[in-house]
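Take a look at the structure below.
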2 protein chains.
Amino acid sequence: MSSEITIGTLARSAGVGVETVRYYQRRGLLPTAGTKKGAFRVYGDPELARLRFIRRAQALGFKLDEIASLLALDEETDRESARALARTKIADVEERIRQLQSVHSALQELVSCCEHTEAPAPCPILRTLGGEAD
Amino acid sequence: MSSEITIGTLARSAGVGVETVRYYQRRGLLPTAGTKKGAFRVYGDPELARLRFIRRAQALGFKLDEIASLLALDEETDRESARALARTKIADVEERIRQLQSVHSALQELVSCCEHTEAPAPCPILRTLGGEAD
DNA sequence: GTTGACTCCGTACTTTGGTACAGGGTCTAG
DNA sequence: CTAGACCCTGTACCAAAGTACGGAGTCAAC
């Protein structure tokens, strides 16, 4: 990896667009100030690593604000903080899964009911949504 | 239920705000034209029922555009369409649950790894996000 | 009549994570 | 030198589902 790449190359190396990198810079997640080569800003391994960190953290469900907190942590001294953030995210994910499972069950019931009745009985899905079911 | 309620009462009866009702009206989900009592629009059971339909459908994970489709269906003649929409939503929910379960597993591994190592070893969560883990 | 709650209309704003311009400048291969 | 790709800056826009005004008018109890 060359140590002096411009923003387009940096973005492509992390699988994002230039606009996204600029957005992260505006959000303070990536540095704006730095080395320049003429009028163009150039970036190196540290910036690429940081950008990839952001993407990996997003893939794990962290939001940008949460990622900012993770980025502020130090590998050597902040084990507890990192673990706490991860645990919080786990709890969020578990709660969301529960909600979705509840929704799933309700939907399944409606479809199953629909499959066990026939026209000319009215649609149980629509009747339930309409508040007409029993 | 009085057959001539104003928008505030309608909204409260369905547990939403006036602005939300107006928003649904703008979106075409609820009627704008209708009976007036002086300068104020008044609503009745059909409008309240429709508003509750929207909320129930949202609770089942349908988006407003999808709800518009549901609202356009007829209980007597559109059983298949309703069932198809519900099935699609079920598939969406199942996919989302899978994604979240994958995220959950990855997070659990990281936290577990963190729990089985101690300082002064650097934080495995941050190392993994940083791309430094093996 | 007065006043306060409410309604109407139209426009703007919020959240989150982008994405797209416009206008002007820079860089580099040919 | 030229031309095209790219960079920079700042502003606007998008999706989805609301929410909040401002300004003006209405309604009903007192």
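To be explicit about the labels: the chains of the structure tokens are called A, B, and onward in the order shown, and within each one the residues are counted from 1, while ligands get numbers from 1 in the order they are shown.
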
Can you give chain B as a CSV table (one decimal) with N, CA and C atoms, in the first residue's frame after you superpose it on chain A, pairing all C-alpha atoms in order for the least-squares fit?
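Written out: out.csv:
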```csv
chain,number,residue,atom,x,y,z
B,1,MET,N,0.7,-1.2,-0.2
B,1,MET,CA,-0.1,0.0,-0.1
B,1,MET,C,0.7,1.2,-0.1
B,2,SER,N,0.7,2.0,-1.2
B,2,SER,CA,1.4,3.2,-1.2
B,2,SER,C,1.0,4.1,-0.1
B,3,SER,N,1.9,4.9,0.4
B,3,SER,CA,1.6,5.7,1.5
B,3,SER,C,1.1,7.1,1.2
B,4,GLU,N,0.8,7.3,-0.1
B,4,GLU,CA,0.3,8.6,-0.5
B,4,GLU,C,-0.8,8.4,-1.6
B,5,ILE,N,-2.0,8.1,-1.1
B,5,ILE,CA,-3.1,7.9,-2.0
B,5,ILE,C,-4.1,9.0,-1.8
B,6,THR,N,-4.8,9.3,-2.9
B,6,THR,CA,-5.8,10.3,-2.8
B,6,THR,C,-7.1,9.7,-2.4
B,7,ILE,N,-8.1,10.5,-2.2
B,7,ILE,CA,-9.3,10.1,-1.5
B,7,ILE,C,-10.1,9.1,-2.3
B,8,GLY,N,-10.0,9.2,-3.7
B,8,GLY,CA,-10.8,8.2,-4.5
B,8,GLY,C,-10.2,6.8,-4.3
B,9,THR,N,-8.9,6.7,-4.3
B,9,THR,CA,-8.3,5.4,-4.1
B,9,THR,C,-8.5,4.9,-2.7
B,10,LEU,N,-8.5,5.8,-1.7
B,10,LEU,CA,-8.8,5.4,-0.3
B,10,LEU,C,-10.2,4.8,-0.3
B,11,ALA,N,-11.1,5.6,-0.8
B,11,ALA,CA,-12.5,5.1,-0.8
B,11,ALA,C,-12.7,3.8,-1.5
B,12,ARG,N,-12.1,3.6,-2.6
B,12,ARG,CA,-12.3,2.3,-3.3
B,12,ARG,C,-11.7,1.2,-2.6
B,13,SER,N,-10.5,1.5,-1.9
B,13,SER,CA,-9.9,0.4,-1.1
B,13,SER,C,-10.7,-0.1,0.0
B,14,ALA,N,-11.7,0.7,0.4
B,14,ALA,CA,-12.5,0.3,1.5
B,14,ALA,C,-13.9,0.0,1.1
B,15,GLY,N,-14.1,0.1,-0.2
B,15,GLY,CA,-15.5,-0.3,-0.8
B,15,GLY,C,-16.5,0.8,-0.5
B,16,VAL,N,-16.1,2.0,-0.4
B,16,VAL,CA,-17.1,3.1,-0.2
B,16,VAL,C,-16.9,4.2,-1.3
B,17,GLY,N,-17.8,5.2,-1.3
B,17,GLY,CA,-17.7,6.3,-2.3
B,17,GLY,C,-16.9,7.4,-1.6
B,18,VAL,N,-16.4,8.3,-2.5
B,18,VAL,CA,-15.7,9.5,-2.1
B,18,VAL,C,-16.6,10.3,-1.1
B,19,GLU,N,-17.8,10.5,-1.5
B,19,GLU,CA,-18.7,11.3,-0.7
B,19,GLU,C,-18.9,10.7,0.7
B,20,THR,N,-18.8,9.4,0.8
B,20,THR,CA,-18.9,8.7,2.1
B,20,THR,C,-17.7,9.1,2.9
B,21,VAL,N,-16.5,9.0,2.3
B,21,VAL,CA,-15.3,9.4,3.1
B,21,VAL,C,-15.4,10.9,3.6
B,22,ARG,N,-15.9,11.7,2.7
B,22,ARG,CA,-16.0,13.1,3.1
B,22,ARG,C,-17.0,13.3,4.2
B,23,TYR,N,-18.1,12.5,4.1
B,23,TYR,CA,-19.1,12.5,5.1
B,23,TYR,C,-18.5,12.1,6.5
B,24,TYR,N,-17.7,11.0,6.5
B,24,TYR,CA,-17.1,10.6,7.7
B,24,TYR,C,-16.1,11.7,8.2
B,25,GLN,N,-15.5,12.4,7.3
B,25,GLN,CA,-14.5,13.4,7.7
B,25,GLN,C,-15.3,14.6,8.4
B,26,ARG,N,-16.4,14.9,7.8
B,26,ARG,CA,-17.3,16.0,8.4
B,26,ARG,C,-17.8,15.5,9.7
B,27,ARG,N,-18.0,14.3,9.9
B,27,ARG,CA,-18.5,13.7,11.1
B,27,ARG,C,-17.4,13.5,12.2
B,28,GLY,N,-16.2,13.8,11.7
B,28,GLY,CA,-15.1,13.6,12.6
B,28,GLY,C,-14.6,12.2,12.8
B,29,LEU,N,-15.1,11.3,12.0
B,29,LEU,CA,-14.6,9.9,12.1
B,29,LEU,C,-13.3,9.7,11.4
B,30,LEU,N,-13.1,10.5,10.4
B,30,LEU,CA,-11.8,10.4,9.7
B,30,LEU,C,-11.2,11.8,9.7
B,31,PRO,N,-9.8,11.8,9.6
B,31,PRO,CA,-9.1,13.1,9.7
B,31,PRO,C,-9.3,13.9,8.3
B,32,THR,N,-9.4,15.2,8.5
B,32,THR,CA,-9.5,16.0,7.3
B,32,THR,C,-8.1,16.6,7.1
B,33,ALA,N,-7.5,17.2,8.1
B,33,ALA,CA,-6.2,17.7,8.0
B,33,ALA,C,-5.2,16.6,7.8
B,34,GLY,N,-4.1,16.9,7.2
B,34,GLY,CA,-3.1,15.9,7.0
B,34,GLY,C,-2.2,16.3,5.8
B,35,THR,N,-1.5,15.3,5.4
B,35,THR,CA,-0.5,15.5,4.3
B,35,THR,C,-1.2,16.0,3.0
B,36,LYS,N,-0.5,16.8,2.3
B,36,LYS,CA,-1.0,17.2,1.1
B,36,LYS,C,0.1,17.0,0.0
B,37,LYS,N,-0.4,16.8,-1.1
B,37,LYS,CA,0.5,16.7,-2.3
B,37,LYS,C,0.0,17.7,-3.3
B,38,GLY,N,0.6,18.9,-3.2
B,38,GLY,CA,0.0,20.0,-4.0
B,38,GLY,C,-1.2,20.4,-3.3
B,39,ALA,N,-2.3,20.5,-4.1
B,39,ALA,CA,-3.6,20.9,-3.5
B,39,ALA,C,-4.4,19.7,-3.0
B,40,PHE,N,-4.0,18.5,-3.3
B,40,PHE,CA,-4.7,17.3,-2.9
B,40,PHE,C,-4.3,16.7,-1.6
B,41,ARG,N,-5.2,16.3,-0.8
B,41,ARG,CA,-4.9,15.6,0.4
B,41,ARG,C,-4.5,14.2,0.1
B,42,VAL,N,-3.5,13.7,0.7
B,42,VAL,CA,-3.1,12.3,0.5
B,42,VAL,C,-3.2,11.5,1.8
B,43,TYR,N,-3.5,10.2,1.7
B,43,TYR,CA,-3.7,9.4,2.9
B,43,TYR,C,-2.8,8.1,2.8
B,44,GLY,N,-2.7,7.5,4.0
B,44,GLY,CA,-1.9,6.3,4.1
B,44,GLY,C,-2.5,5.2,4.8
B,45,ASP,N,-1.7,4.3,5.2
B,45,ASP,CA,-2.2,3.1,5.9
B,45,ASP,C,-3.1,3.4,7.1
B,46,PRO,N,-2.7,4.4,8.0
B,46,PRO,CA,-3.5,4.6,9.2
B,46,PRO,C,-4.9,5.0,8.8
B,47,GLU,N,-5.1,5.9,7.8
B,47,GLU,CA,-6.4,6.3,7.4
B,47,GLU,C,-7.2,5.2,6.8
B,48,LEU,N,-6.6,4.4,6.0
B,48,LEU,CA,-7.3,3.2,5.4
B,48,LEU,C,-7.7,2.2,6.5
B,49,ALA,N,-6.8,2.0,7.5
B,49,ALA,CA,-7.2,1.1,8.6
B,49,ALA,C,-8.4,1.7,9.3
B,50,ARG,N,-8.4,3.0,9.6
B,50,ARG,CA,-9.5,3.6,10.3
B,50,ARG,C,-10.8,3.4,9.5
B,51,LEU,N,-10.7,3.7,8.2
B,51,LEU,CA,-11.9,3.5,7.4
B,51,LEU,C,-12.4,2.1,7.4
B,52,ARG,N,-11.6,1.2,7.4
B,52,ARG,CA,-12.0,-0.2,7.4
B,52,ARG,C,-12.6,-0.6,8.8
B,53,PHE,N,-12.0,0.0,9.8
B,53,PHE,CA,-12.5,-0.2,11.2
B,53,PHE,C,-14.0,0.3,11.2
B,54,ILE,N,-14.2,1.4,10.6
B,54,ILE,CA,-15.6,1.9,10.6
B,54,ILE,C,-16.5,1.0,9.9
B,55,ARG,N,-16.1,0.5,8.7
B,55,ARG,CA,-17.0,-0.4,8.0
B,55,ARG,C,-17.2,-1.7,8.7
B,56,ARG,N,-16.2,-2.3,9.3
B,56,ARG,CA,-16.4,-3.5,10.1
B,56,ARG,C,-17.3,-3.3,11.3
B,57,ALA,N,-17.2,-2.2,11.9
B,57,ALA,CA,-18.0,-1.9,13.1
B,57,ALA,C,-19.5,-1.7,12.6
B,58,GLN,N,-19.7,-1.1,11.5
B,58,GLN,CA,-21.0,-0.9,10.9
B,58,GLN,C,-21.6,-2.3,10.6
B,59,ALA,N,-20.8,-3.2,10.1
B,59,ALA,CA,-21.3,-4.5,9.8
B,59,ALA,C,-21.7,-5.2,11.0
B,60,LEU,N,-21.2,-4.9,12.2
B,60,LEU,CA,-21.6,-5.5,13.4
B,60,LEU,C,-22.8,-4.7,14.1
B,61,GLY,N,-23.3,-3.8,13.3
B,61,GLY,CA,-24.5,-3.1,13.8
B,61,GLY,C,-24.3,-1.8,14.6
B,62,PHE,N,-23.1,-1.4,14.7
B,62,PHE,CA,-22.8,-0.2,15.4
B,62,PHE,C,-23.2,1.0,14.5
B,63,LYS,N,-23.8,2.1,15.1
B,63,LYS,CA,-24.1,3.3,14.4
B,63,LYS,C,-22.8,4.2,14.4
B,64,LEU,N,-22.8,5.2,13.6
B,64,LEU,CA,-21.6,6.0,13.4
B,64,LEU,C,-21.3,6.7,14.8
B,65,ASP,N,-22.2,7.1,15.5
B,65,ASP,CA,-21.9,7.7,16.8
B,65,ASP,C,-21.2,6.7,17.8
B,66,GLU,N,-21.8,5.5,17.7
B,66,GLU,CA,-21.2,4.4,18.5
B,66,GLU,C,-19.8,4.1,18.0
B,67,ILE,N,-19.6,4.2,16.8
B,67,ILE,CA,-18.3,3.9,16.2
B,67,ILE,C,-17.3,4.9,16.6
B,68,ALA,N,-17.8,6.2,16.6
B,68,ALA,CA,-16.9,7.2,17.1
B,68,ALA,C,-16.3,6.9,18.5
B,69,SER,N,-17.2,6.4,19.3
B,69,SER,CA,-16.8,6.0,20.7
B,69,SER,C,-15.8,4.9,20.6
B,70,LEU,N,-16.0,3.9,19.8
B,70,LEU,CA,-15.1,2.8,19.7
B,70,LEU,C,-13.7,3.3,19.2
B,71,LEU,N,-13.8,4.2,18.2
B,71,LEU,CA,-12.5,4.7,17.7
B,71,LEU,C,-11.7,5.4,18.7
B,72,ALA,N,-12.4,6.0,19.7
B,72,ALA,CA,-11.7,6.8,20.7
B,72,ALA,C,-11.0,5.9,21.8
B,73,LEU,N,-11.3,4.6,21.7
B,73,LEU,CA,-10.8,3.7,22.7
B,73,LEU,C,-9.3,3.2,22.3
B,74,ASP,N,-8.6,2.9,23.4
B,74,ASP,CA,-7.3,2.4,23.2
B,74,ASP,C,-7.2,0.9,23.4
B,75,GLU,N,-6.6,0.2,22.5
B,75,GLU,CA,-6.5,-1.3,22.6
B,75,GLU,C,-5.9,-1.7,23.9
B,76,GLU,N,-5.0,-0.9,24.4
B,76,GLU,CA,-4.2,-1.4,25.5
B,76,GLU,C,-4.9,-1.1,26.9
B,77,THR,N,-5.7,0.0,26.9
B,77,THR,CA,-6.1,0.5,28.2
B,77,THR,C,-7.7,0.4,28.3
B,78,ASP,N,-8.4,0.2,27.2
B,78,ASP,CA,-9.8,0.3,27.3
B,78,ASP,C,-10.6,-0.9,27.0
B,79,ARG,N,-10.1,-2.1,27.5
B,79,ARG,CA,-10.8,-3.3,27.3
B,79,ARG,C,-12.2,-3.3,27.8
B,80,GLU,N,-12.3,-2.8,29.0
B,80,GLU,CA,-13.7,-2.8,29.7
B,80,GLU,C,-14.7,-2.0,28.9
B,81,SER,N,-14.2,-0.8,28.4
B,81,SER,CA,-15.1,0.0,27.7
B,81,SER,C,-15.6,-0.6,26.4
B,82,ALA,N,-14.6,-1.2,25.7
B,82,ALA,CA,-15.0,-1.9,24.4
B,82,ALA,C,-16.0,-3.0,24.7
B,83,ARG,N,-15.7,-3.8,25.7
B,83,ARG,CA,-16.6,-4.9,26.1
B,83,ARG,C,-18.0,-4.4,26.4
B,84,ALA,N,-18.0,-3.3,27.1
B,84,ALA,CA,-19.3,-2.7,27.5
B,84,ALA,C,-20.1,-2.3,26.3
B,85,LEU,N,-19.5,-1.6,25.4
B,85,LEU,CA,-20.2,-1.2,24.2
B,85,LEU,C,-20.7,-2.4,23.4
B,86,ALA,N,-19.8,-3.4,23.3
B,86,ALA,CA,-20.3,-4.6,22.6
B,86,ALA,C,-21.4,-5.3,23.3
B,87,ARG,N,-21.4,-5.3,24.6
B,87,ARG,CA,-22.5,-5.9,25.3
B,87,ARG,C,-23.8,-5.2,25.1
B,88,THR,N,-23.7,-3.9,25.1
B,88,THR,CA,-24.9,-3.1,24.9
B,88,THR,C,-25.5,-3.4,23.5
B,89,LYS,N,-24.6,-3.5,22.5
B,89,LYS,CA,-25.0,-3.8,21.2
B,89,LYS,C,-25.7,-5.1,21.1
B,90,ILE,N,-25.1,-6.1,21.8
B,90,ILE,CA,-25.7,-7.4,21.9
B,90,ILE,C,-27.1,-7.4,22.4
B,91,ALA,N,-27.3,-6.6,23.5
B,91,ALA,CA,-28.6,-6.5,24.1
B,91,ALA,C,-29.6,-5.9,23.1
B,92,ASP,N,-29.1,-4.8,22.4
B,92,ASP,CA,-30.0,-4.2,21.4
B,92,ASP,C,-30.4,-5.2,20.3
B,93,VAL,N,-29.4,-6.0,19.8
B,93,VAL,CA,-29.7,-6.9,18.8
B,93,VAL,C,-30.7,-8.0,19.3
B,94,GLU,N,-30.5,-8.5,20.5
B,94,GLU,CA,-31.4,-9.5,21.0
B,94,GLU,C,-32.8,-8.9,21.1
B,95,GLU,N,-32.9,-7.7,21.6
B,95,GLU,CA,-34.3,-7.1,21.7
B,95,GLU,C,-34.9,-7.0,20.3
B,96,ARG,N,-34.2,-6.6,19.4
B,96,ARG,CA,-34.7,-6.4,18.0
B,96,ARG,C,-35.1,-7.8,17.4
B,97,ILE,N,-34.3,-8.8,17.7
B,97,ILE,CA,-34.7,-10.1,17.2
B,97,ILE,C,-36.0,-10.6,17.9
B,98,ARG,N,-36.2,-10.3,19.2
B,98,ARG,CA,-37.4,-10.7,19.8
B,98,ARG,C,-38.6,-10.0,19.2
B,99,GLN,N,-38.5,-8.7,18.9
B,99,GLN,CA,-39.6,-8.0,18.3
B,99,GLN,C,-39.9,-8.6,17.0
B,100,LEU,N,-38.9,-8.9,16.2
B,100,LEU,CA,-39.1,-9.4,14.8
B,100,LEU,C,-39.8,-10.8,14.9
B,101,GLN,N,-39.4,-11.6,15.9
B,101,GLN,CA,-40.0,-12.9,16.1
B,101,GLN,C,-41.4,-12.8,16.5
B,102,SER,N,-41.8,-11.8,17.2
B,102,SER,CA,-43.2,-11.6,17.6
B,102,SER,C,-44.0,-11.2,16.4
B,103,VAL,N,-43.4,-10.3,15.6
B,103,VAL,CA,-44.1,-9.9,14.4
B,103,VAL,C,-44.2,-11.1,13.4
B,104,HIS,N,-43.2,-11.9,13.4
B,104,HIS,CA,-43.2,-13.1,12.5
B,104,HIS,C,-44.3,-14.0,12.9
B,105,SER,N,-44.4,-14.3,14.2
B,105,SER,CA,-45.5,-15.2,14.7
B,105,SER,C,-46.9,-14.7,14.3
B,106,ALA,N,-47.1,-13.4,14.5
B,106,ALA,CA,-48.4,-12.8,14.2
B,106,ALA,C,-48.7,-12.9,12.7
B,107,LEU,N,-47.7,-12.6,11.9
B,107,LEU,CA,-47.9,-12.7,10.5
B,107,LEU,C,-48.2,-14.2,10.0
B,108,GLN,N,-47.4,-15.1,10.6
B,108,GLN,CA,-47.6,-16.5,10.3
B,108,GLN,C,-49.0,-17.0,10.6
B,109,GLU,N,-49.5,-16.5,11.8
B,109,GLU,CA,-50.9,-16.9,12.1
B,109,GLU,C,-51.9,-16.4,11.1
B,110,LEU,N,-51.7,-15.2,10.7
B,110,LEU,CA,-52.6,-14.6,9.7
B,110,LEU,C,-52.6,-15.4,8.4
B,111,VAL,N,-51.4,-15.7,8.0
B,111,VAL,CA,-51.3,-16.4,6.7
B,111,VAL,C,-51.9,-17.8,6.8
B,112,SER,N,-51.6,-18.5,8.0
B,112,SER,CA,-52.1,-19.8,8.2
B,112,SER,C,-53.7,-19.8,8.2
B,113,CYS,N,-54.2,-18.8,8.9
B,113,CYS,CA,-55.7,-18.7,9.0
B,113,CYS,C,-56.2,-18.5,7.6
B,114,CYS,N,-55.6,-17.7,6.8
B,114,CYS,CA,-56.0,-17.4,5.4
B,114,CYS,C,-56.0,-18.7,4.6
B,115,GLU,N,-55.0,-19.6,4.9
B,115,GLU,CA,-54.8,-20.8,4.1
B,115,GLU,C,-55.9,-21.8,4.4
B,116,HIS,N,-56.5,-21.7,5.6
B,116,HIS,CA,-57.5,-22.7,6.1
B,116,HIS,C,-58.9,-22.2,5.9
B,117,THR,N,-59.1,-21.1,5.3
B,117,THR,CA,-60.4,-20.7,4.9
B,117,THR,C,-60.4,-20.4,3.4
B,118,GLU,N,-61.6,-20.4,2.9
B,118,GLU,CA,-61.7,-20.1,1.4
B,118,GLU,C,-62.7,-19.1,1.1
B,119,ALA,N,-62.6,-18.5,0.0
B,119,ALA,CA,-63.7,-17.7,-0.6
B,119,ALA,C,-64.9,-18.6,-0.6
B,120,PRO,N,-66.1,-18.0,-0.3
B,120,PRO,CA,-66.3,-16.6,-0.3
B,120,PRO,C,-66.1,-15.9,1.1
B,121,ALA,N,-65.5,-16.7,2.0
B,121,ALA,CA,-65.2,-16.0,3.3
B,121,ALA,C,-64.3,-14.9,3.1
B,122,PRO,N,-64.5,-13.8,3.8
B,122,PRO,CA,-63.6,-12.6,3.5
B,122,PRO,C,-62.2,-12.9,4.1
B,123,CYS,N,-61.3,-12.2,3.6
B,123,CYS,CA,-59.8,-12.3,3.9
B,123,CYS,C,-59.6,-12.0,5.4
B,124,PRO,N,-59.1,-13.1,6.1
B,124,PRO,CA,-58.8,-12.9,7.6
B,124,PRO,C,-57.7,-11.9,7.9
B,125,ILE,N,-56.8,-11.7,6.9
B,125,ILE,CA,-55.7,-10.8,7.1
B,125,ILE,C,-56.3,-9.4,7.2
B,126,LEU,N,-57.0,-9.1,6.1
B,126,LEU,CA,-57.6,-7.7,6.1
B,126,LEU,C,-58.6,-7.5,7.2
B,127,ARG,N,-59.4,-8.5,7.5
B,127,ARG,CA,-60.3,-8.4,8.6
B,127,ARG,C,-59.6,-8.1,9.9
B,128,THR,N,-58.6,-8.8,10.2
B,128,THR,CA,-57.8,-8.5,11.4
B,128,THR,C,-57.2,-7.1,11.5
B,129,LEU,N,-56.6,-6.7,10.4
B,129,LEU,CA,-56.1,-5.4,10.3
B,129,LEU,C,-57.2,-4.3,10.5
B,130,GLY,N,-58.3,-4.7,9.9
B,130,GLY,CA,-59.5,-3.7,10.0
B,130,GLY,C,-60.1,-3.8,11.4
B,131,GLY,N,-59.7,-4.7,12.2
B,131,GLY,CA,-60.2,-4.7,13.6
B,131,GLY,C,-61.6,-5.5,13.6
B,132,GLU,N,-61.9,-6.2,12.5
B,132,GLU,CA,-63.2,-6.8,12.5
B,132,GLU,C,-63.2,-8.2,13.0
B,133,ALA,N,-62.0,-8.9,13.1
B,133,ALA,CA,-62.0,-10.2,13.6
B,133,ALA,C,-62.3,-10.2,15.1
B,134,ASP,N,-63.3,-11.1,15.5
B,134,ASP,CA,-63.9,-11.2,16.8
B,134,ASP,C,-63.3,-10.2,17.9
```

- request: Among the residues of stretch 6-83 of chain B, find those DSSP assigns to helix (DSSP H, G or I) from the backbone and print them as a PyMOL selection string.
  value: chain B and resi 7-13+18-26+45-59+64-71+79-83

Taking C-alpha atoms for each residue, export the selection above as a short mmCIF file (atom, residue, chain, number, x, y, z; two decimals), in the first residue's frame.
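New file selection_7.cif:
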```
data_model
loop_
_atom_site.label_atom_id
_atom_site.label_comp_id
_atom_site.auth_asym_id
_atom_site.auth_seq_id
_atom_site.Cartn_x
_atom_site.Cartn_y
_atom_site.Cartn_z
CA ILE B 7 -58.87 15.67 13.86
CA GLY B 8 -57.46 15.99 17.35
CA THR B 9 -59.97 13.56 18.78
CA LEU B 10 -59.48 11.21 15.85
CA ALA B 11 -55.73 11.27 16.39
CA ARG B 12 -55.96 10.66 20.11
CA SER B 13 -58.40 7.80 19.56
CA VAL B 18 -52.53 15.43 14.69
CA GLU B 19 -49.46 15.99 12.55
CA THR B 20 -49.31 12.27 11.89
CA VAL B 21 -52.90 12.20 10.69
CA ARG B 22 -52.22 15.12 8.41
CA TYR B 23 -49.14 13.36 7.16
CA TYR B 24 -51.18 10.26 6.31
CA GLN B 25 -53.68 12.49 4.56
CA ARG B 26 -50.94 14.06 2.49
CA ASP B 45 -66.06 5.58 12.35
CA PRO B 46 -64.79 4.76 8.86
CA GLU B 47 -61.86 7.16 9.20
CA LEU B 48 -61.01 5.95 12.70
CA ALA B 49 -61.13 2.36 11.51
CA ARG B 50 -58.83 3.17 8.63
CA LEU B 51 -56.39 4.94 10.92
CA ARG B 52 -56.32 1.97 13.25
CA PHE B 53 -55.78 -0.32 10.29
CA ILE B 54 -52.70 1.69 9.42
CA ARG B 55 -51.32 1.43 12.95
CA ARG B 56 -51.97 -2.31 13.18
CA ALA B 57 -50.30 -2.88 9.85
CA GLN B 58 -47.31 -0.82 10.95
CA ALA B 59 -47.08 -2.92 14.09
CA LEU B 64 -46.64 3.08 4.66
CA ASP B 65 -46.39 2.32 0.96
CA GLU B 66 -47.14 -1.30 1.66
CA ILE B 67 -50.03 -0.29 3.85
CA ALA B 68 -51.43 1.79 1.03
CA SER B 69 -51.50 -1.40 -1.01
CA LEU B 70 -53.25 -3.28 1.77
CA LEU B 71 -55.79 -0.52 2.16
CA ARG B 79 -57.62 -12.75 -0.41
CA GLU B 80 -54.74 -13.85 -2.62
CA SER B 81 -53.24 -10.40 -2.84
CA ALA B 82 -53.40 -9.87 0.89
CA ARG B 83 -51.82 -13.24 1.50
#
```

- prompt: Separation of atom C1' of D:DA20 and atom C1' of C:DA12, in Å?
  reply: 8.2 Å

task: Provide as JSON, numbers by chain the residues of chain D at most 9 Å from chain A, counting only C-alpha atoms (C1' of nucleotides).
output: {"D": [6, 7, 8]}

Listing only residues of chain C within 8 Å of chain A, what is the closest atom pair and its distance in Å (to one decimal) for each, using only C-alpha atoms (C1' of nucleotides), sorted by chain and residue number ascending, as JSON lines?
```
{"residue": "C:DG18", "atom": "C1'", "partner": "A:Thr20", "partner_atom": "CA", "distance": 6.6}
{"residue": "C:DT19", "atom": "C1'", "partner": "A:Glu19", "partner_atom": "CA", "distance": 6.9}
{"residue": "C:DT26", "atom": "C1'", "partner": "A:Ala39", "partner_atom": "CA", "distance": 6.6}
```

task: Apply DSSP to the backbone of this structure and, from chain B, keep only the residues in strand (DSSP E or B); write these as a ChimeraX atom specification.
output: /B:5,36-37,40-41,43

I need the residues from that last selection saved to file as a PDB file, in the first residue's frame (with C-alpha atoms), if you can.
```
ATOM      1  CA  ILE B   5     -65.131  14.245  15.650  1.00  0.00           C
ATOM      2  CA  LYS B  36     -67.179  19.705   7.416  1.00  0.00           C
ATOM      3  CA  LYS B  37     -68.699  21.329  10.408  1.00  0.00           C
ATOM      4  CA  PHE B  40     -63.419  22.185  10.491  1.00  0.00           C
ATOM      5  CA  ARG B  41     -63.290  18.803   8.957  1.00  0.00           C
ATOM      6  CA  TYR B  43     -64.519  12.384  10.880  1.00  0.00           C
TER       7      TYR B  43
END
```
